[in-house]
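The block underneath contains the structure these notes are about, expressed in structure tokens.
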Amino acid sequence: MQKTTDKPENNELILRDHLALERTKLANERTLFSYIRTSLYLLTAGIGILQIDSISRLDRLAWICIVSGVILFFGGFVRFWRMKKYLNHIPT
């Protein structure tokens with residue numbers, strides 16, 4: 001008699017494991033959207049600071065925000081693709 005916690009013999013995922021994998025894939029997408037949202041906030045803040053002439057002493061901070069936003073944007077996609085590649089190699 002097989003217990004509900006044991007894996008099937010033919011190396012297929014049981015329903016609980018399949019649903020957990022789907023939740024992980026959705027969490028990966030949510031994380032990508034968080035990276036995108038945060039990078040857009042940083043870009044918006046940096047561009048906004050650059051547009052205001054009265055606070056030109058903060059130009060260095062503006063460029064730090066812009067560069068950080070761009071790095072975060074591409075870093076989020078790299079992380080997403082790596083995790084997606086890893087999750088696609090899990091046998092279903």
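If you're wondering about the labels, chains in the structure tokens are A, B, ... by order shown, residues count from 1 in each chain, ligands from 1 in order shown.
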
For Ala45 in chain A: contacts at 12 Å, only C-alpha atoms, fewer than 3 positions along chain excluded, given as a list in words
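Near neighbours after the sequence-gap exclusion: Thr38, Ser39, Leu40, Tyr41, Leu42, Gly48, Ile49, Leu50, Gln51, Ile52, Leu58, Asp59, Leu61, Ala62, Trp63, Ile64, Cys65, Ile66, Val67, Ser68 and Gly69 of chain A.
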
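Using only C-alpha atoms, the protein and nucleic acid residues lying no more than 12 Å from Leu32 in chain A, apart from those fewer than 4 places from it along its own chain, are Lys25, Leu26, Ala27, Asn28, Ile36, Arg37, Thr38, Ser39, Leu72, Phe73, Phe74, Gly75, Gly76, Phe77, Val78, Arg79, Phe80, Trp81, Arg82, Met83 and Lys84 of chain A.
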
Give me, as an MDAnalysis selection string, the residues of chain A that a backbone DSSP run labels alpha helix (DSSP H).
chainID A and resid 15:51 59:88

Pairwise distance, CA of Asp17 in chain A with CA of Asn88 in chain A, equals 14.0 Å
